[in-house]
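Everything on this sheet refers to the single structure shown next.
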Amino acid sequence: MAMRQTPLTCSGHTRPVVDLAFSGITPYGYFLISACKDGKPMLRQGDTGDWIGTFLGHKGAVWGATLNTDATKAATAAADFTAKVWDAVSGDEVLTLAHKHIVKTVTFTQDSNCLLTGGNDKLLRIYDLNNPEAVPQEIAGHTSAIKKALWCNDDKQILSAAEDKTIRLWDRTSMEEVKTLTFDTSVSSMEYVADGEILVITYGKTIAFYNALSLDLIKTVEAPAPINSASLHPEKDFFVAGGEDFKLYKFDYSNKEELESYKGHFGPVHCVRFSPDGELYASGSEDGTLRLWQTAVGKTYGLWKCVLPEDLGAENSEQLYTPAPEIKA
């Protein structure tokens, strides 16, 4: 009997969920942050989806959100022309970094000392978080709004994707462009896998894998529908993708075969990411929810309990999480 995938639904947001990110594994487990057009990014326990707190302070849609490795700091990018840095333990706002236009993407260096931002003003900015009053370093070159920017190669280089249908690799020291990839359509998402230096990108119905250092193509996979986001499993044996047909797809990385697909969302899937231990993946959707999906269906993990068919009485109903009243974490 095939095991039935039962995703955990994380409610609480009131508008589309457009970005999500996991922390690394900490002594307290791992954590998940979500960016939403409701302007209220949320922090959750990563393996259960339990709500921890909401970061209150933005005055517009939040387009990007990230956690540092040990989940002590969060950063958000918003339509109110700011990026904010937060204390992820107390929920307090630490810094507001004013920009000249909508900010779409934020990411910490591994040591949490610098924050990289990008957005509609086409510039990449590097802020020294130990000296936030200092003028940020700026990298120009993109001709349209930047959608995603990431550190790579031990934070010595930067990858950026923009509406100008390019992905560009930059050298952090010289601030010069190293290489550019040009596409026929705008890139919808980008994930960097440090172990193996793999870049996962999506555009149209294509999921493409590149060497992050050389930007040489490794392989491409065509999906049945336009894809908005994809994520490679930490073991690199398979990857997941989600997009415009409301489904989550799982593919074999080596032979590119579609392994399974699940429908659970009631709107397009905007973002999908594997947890740092690879046991689950999270998806965020136009329907305002996050869903957590088991990588190995039927395994006892987090809030999932393995139930043998002979023990199965009534069909287990989907578990729903409603966050506590909105207060600071």
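Chain lettering (A, B, ...) mirrors the order of the structure tokens, residue numbering begins at 1 for each chain separately, and ligand numbering begins at 1 in order of display.
Using only C-alpha atoms, the protein and nucleic acid residues lying no more than 10 Å from Gly278 in chain A, apart from those fewer than 3 places from it along its own chain, are Leu232, His233, Pro234, Glu235, Lys236, Arg273, Phe274, Ser275, Tyr281, Gln294, Thr295 and Ala296 of chain A.
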Using only C-alpha atoms, which residues sit within 12 Å of Glu133 in chain A once same-chain residues fewer than 4 positions away are excluded, as a list in words?
Leu95, Thr96, Leu97, Ala98, Tyr127, Asp128 and Leu129 of chain A
Run DSSP on the backbone and give me the residues of range 154-257 of chain A it puts in strand (DSSP E), as a ChimeraX atom specification.
/A:157-162,166-171,177-182,189-193,198-203,206-211,217-222,227-232,238-243,247-252
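Neighbours of Lys147 in chain A closer than or equal to 6 Å, with only C-alpha atoms counted and sequence neighbours fewer than 4 positions away skipped, come out as A:Lys104, A:Ala161, A:Ala162.
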Can you pull out the residues contacting range 204-206 of chain A? Cut-off 8 Å, using only C-alpha atoms, and skip same-chain residues under 2 positions away; I want them as a list in words.
Thr185, Val187, Ser188, Thr202, Ala208, Thr220, Val221, Glu222, Ala223, Pro224, Ala225, Pro226, Ile227 and Asn228 of chain A
Could you state the separation of CA of Thr182 in chain A and CA of Ser144 in chain A in Å, given to one decimal place?
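Interatomic distance here is 13.2 Å.
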Distance query range 107-119 of chain A at most 10 Å, only C-alpha atoms, self and fewer than 5 positions along chain excluded, as a VMD selection string
chain A and resid 63 to 70 72 to 79 81 to 83 85 97 99 to 102 124 to 132 136 to 139 144 to 152 154 to 156 158 160 to 162
Any chance you could export the current selection's N, CA and C atoms as a short mmCIF file (atom, residue, chain, number, x, y, z; two decimals), in the first residue's frame?
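Saved result, selection-v1.cif, follows:
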```
data_model
loop_
_atom_site.label_atom_id
_atom_site.label_comp_id
_atom_site.auth_asym_id
_atom_site.auth_seq_id
_atom_site.Cartn_x
_atom_site.Cartn_y
_atom_site.Cartn_z
N TRP A 63 9.12 40.90 0.68
CA TRP A 63 9.44 40.08 -0.49
C TRP A 63 10.52 39.03 -0.24
N GLY A 64 11.36 39.27 0.76
CA GLY A 64 12.45 38.34 1.03
C GLY A 64 12.67 38.22 2.52
N ALA A 65 13.08 37.03 2.96
CA ALA A 65 13.37 36.82 4.38
C ALA A 65 14.44 35.74 4.50
N THR A 66 15.30 35.90 5.49
CA THR A 66 16.37 34.92 5.69
C THR A 66 16.76 34.87 7.16
N LEU A 67 17.38 33.76 7.54
CA LEU A 67 17.95 33.59 8.88
C LEU A 67 19.43 33.36 8.74
N ASN A 68 20.20 33.78 9.75
CA ASN A 68 21.61 33.39 9.73
C ASN A 68 21.72 31.92 10.15
N THR A 69 22.92 31.38 10.07
CA THR A 69 23.09 29.94 10.26
C THR A 69 22.60 29.45 11.61
N ASP A 70 22.90 30.20 12.68
CA ASP A 70 22.52 29.72 14.02
C ASP A 70 21.18 30.28 14.49
N THR A 72 20.11 33.21 15.15
CA THR A 72 20.07 34.30 16.14
C THR A 72 19.65 35.62 15.50
N LYS A 73 19.80 35.72 14.19
CA LYS A 73 19.43 36.95 13.47
C LYS A 73 18.53 36.60 12.29
N ALA A 74 17.61 37.53 12.00
CA ALA A 74 16.79 37.42 10.80
C ALA A 74 16.96 38.70 10.01
N ALA A 75 16.71 38.63 8.71
CA ALA A 75 16.72 39.82 7.86
C ALA A 75 15.55 39.72 6.91
N THR A 76 14.97 40.88 6.59
CA THR A 76 13.81 40.93 5.71
C THR A 76 13.97 42.05 4.69
N ALA A 77 13.37 41.85 3.52
CA ALA A 77 13.41 42.83 2.43
C ALA A 77 11.98 43.20 2.09
N ALA A 78 11.69 44.50 1.96
CA ALA A 78 10.28 44.88 1.85
C ALA A 78 10.01 45.99 0.85
N ALA A 79 8.71 46.15 0.57
CA ALA A 79 8.22 47.16 -0.38
C ALA A 79 8.20 48.56 0.24
N PHE A 81 10.71 50.15 1.02
CA PHE A 81 12.03 50.68 0.68
C PHE A 81 13.06 50.44 1.78
N THR A 82 12.84 49.41 2.61
CA THR A 82 13.81 49.10 3.65
C THR A 82 14.15 47.60 3.67
N ALA A 83 15.33 47.34 4.20
CA ALA A 83 15.67 45.99 4.67
C ALA A 83 15.82 46.13 6.18
N VAL A 85 17.03 44.18 9.93
CA VAL A 85 17.71 43.09 10.63
C VAL A 85 17.05 42.97 12.00
N LEU A 97 17.61 49.45 7.30
CA LEU A 97 18.53 49.92 6.26
C LEU A 97 17.70 50.51 5.12
N HIS A 99 16.60 52.09 1.66
CA HIS A 99 16.94 51.95 0.25
C HIS A 99 16.17 52.99 -0.56
N LYS A 100 16.48 53.05 -1.84
CA LYS A 100 15.82 54.04 -2.71
C LYS A 100 14.62 53.46 -3.44
N HIS A 101 14.41 52.16 -3.30
CA HIS A 101 13.28 51.52 -3.98
C HIS A 101 12.94 50.23 -3.22
N ILE A 102 11.98 49.48 -3.75
CA ILE A 102 11.55 48.21 -3.15
C ILE A 102 12.74 47.26 -3.04
N LEU A 124 23.25 46.03 -6.13
CA LEU A 124 23.56 45.16 -5.00
C LEU A 124 24.25 46.00 -3.95
N ARG A 125 23.87 45.80 -2.70
CA ARG A 125 24.51 46.55 -1.61
C ARG A 125 25.03 45.57 -0.57
N ILE A 126 26.22 45.87 -0.04
CA ILE A 126 26.80 45.07 1.03
C ILE A 126 26.93 45.96 2.26
N TYR A 127 26.19 45.62 3.30
CA TYR A 127 26.21 46.38 4.55
C TYR A 127 27.11 45.69 5.57
N ASP A 128 27.95 46.47 6.24
CA ASP A 128 28.74 45.97 7.36
C ASP A 128 27.87 46.11 8.61
N LEU A 129 27.37 45.00 9.13
CA LEU A 129 26.43 45.05 10.25
C LEU A 129 27.09 45.46 11.56
N ASN A 130 28.44 45.41 11.60
CA ASN A 130 29.15 45.90 12.78
C ASN A 130 29.38 47.40 12.71
N ASN A 131 29.13 47.97 11.52
CA ASN A 131 29.27 49.42 11.33
C ASN A 131 28.16 49.89 10.40
N PRO A 132 26.91 49.78 10.87
CA PRO A 132 25.77 50.01 9.98
C PRO A 132 25.62 51.44 9.48
N PRO A 136 27.13 51.65 2.48
CA PRO A 136 27.31 50.29 1.98
C PRO A 136 28.09 50.27 0.68
N GLN A 137 28.79 49.18 0.44
CA GLN A 137 29.41 48.98 -0.88
C GLN A 137 28.29 48.74 -1.88
N GLU A 138 28.42 49.31 -3.07
CA GLU A 138 27.39 49.13 -4.10
C GLU A 138 27.98 48.52 -5.35
N ILE A 139 27.25 47.57 -5.93
CA ILE A 139 27.67 46.93 -7.17
C ILE A 139 26.58 47.16 -8.22
N SER A 144 17.77 45.81 -14.82
CA SER A 144 16.39 45.74 -14.31
C SER A 144 16.45 45.32 -12.84
N ALA A 145 15.28 45.27 -12.25
CA ALA A 145 15.17 44.94 -10.82
C ALA A 145 15.83 43.60 -10.50
N ILE A 146 16.54 43.57 -9.38
CA ILE A 146 17.19 42.34 -8.89
C ILE A 146 16.16 41.55 -8.08
N LYS A 147 16.03 40.27 -8.39
CA LYS A 147 15.05 39.42 -7.72
C LYS A 147 15.67 38.61 -6.58
N LYS A 148 16.92 38.17 -6.78
CA LYS A 148 17.56 37.32 -5.79
C LYS A 148 19.07 37.55 -5.83
N ALA A 149 19.70 37.60 -4.67
CA ALA A 149 21.16 37.72 -4.60
C ALA A 149 21.65 36.80 -3.48
N LEU A 150 22.76 36.11 -3.74
CA LEU A 150 23.27 35.11 -2.82
C LEU A 150 24.79 35.19 -2.72
N TRP A 151 25.32 34.91 -1.55
CA TRP A 151 26.76 34.73 -1.40
C TRP A 151 27.12 33.33 -1.89
N CYS A 152 28.30 33.17 -2.45
CA CYS A 152 28.77 31.84 -2.82
C CYS A 152 30.29 31.78 -2.69
N ASP A 154 32.36 30.52 -0.38
CA ASP A 154 32.82 31.00 0.93
C ASP A 154 32.73 32.51 1.05
N ASP A 155 31.66 33.07 0.53
CA ASP A 155 31.37 34.51 0.61
C ASP A 155 32.38 35.37 -0.15
N LYS A 156 33.15 34.75 -1.03
CA LYS A 156 34.11 35.52 -1.84
C LYS A 156 33.48 36.04 -3.13
N ILE A 158 29.47 36.66 -5.36
CA ILE A 158 28.04 36.93 -5.24
C ILE A 158 27.36 36.48 -6.53
N SER A 160 23.69 36.91 -8.57
CA SER A 160 22.46 37.71 -8.59
C SER A 160 21.63 37.40 -9.82
N ALA A 161 20.32 37.38 -9.64
CA ALA A 161 19.37 37.15 -10.74
C ALA A 161 18.45 38.36 -10.82
N ALA A 162 18.17 38.79 -12.05
CA ALA A 162 17.37 40.01 -12.21
C ALA A 162 16.34 39.87 -13.31
#
```
Option closest in space to Ile25 in chain A, from A:Asp216, A:Asp277, A:Asp237, A:Asp287 [counting only C-alpha atoms]
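That would be A:Asp277, the residue with the smallest distance to Ile25 in chain A.
Considering the residues A:Leu215, A:Ala71, A:Val297, A:Leu169 and counting only C-alpha atoms, Phe22 in chain A has its shortest atom-to-atom contact with A:Ala71.
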Determine the nearest neighbour of Leu56 in chain A from the options A:Arg168, A:Lys84, A:Arg291, A:Lys305, counting only C-alpha atoms.
A:Lys84
List the neighbours of Leu43 in chain A out to 6 Å using only C-alpha atoms; skip same-chain residues closer than 3 positions along the sequence, and give me the result as a count of residues only.
4
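The interatomic distance for the pair CA of Leu8 in chain A and CA of Glu258 in chain A works out to 22.7 Å.
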Could you list, as an NGL selection string, every residue within 8 Å of Gly288 in chain A, counting only C-alpha atoms and ignoring same-chain residues fewer than 5 positions away?
:A and (11-17 or 36)
Using only C-alpha atoms, which of the listed residues (A:Leu159, A:Leu181, A:Val103, A:Leu248) sits closest to Ile198 in chain A?
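Ranking A:Leu159, A:Leu181, A:Val103, A:Leu248 by distance to Ile198 in chain A, first place goes to A:Leu159.
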Just to confirm, what's the straight-line distance from CA of Glu257 in chain A to CA of Arg4 in chain A in Å (one decimal)?
20.2 Å
Distance criterion (only C-alpha atoms): nearest to Ser186 in chain A out of A:Asp19, A:Asp171, A:Asp164, A:Asp47
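Of A:Asp19, A:Asp171, A:Asp164, A:Asp47, the one nearest Ser186 in chain A, counting only C-alpha atoms, is A:Asp164.
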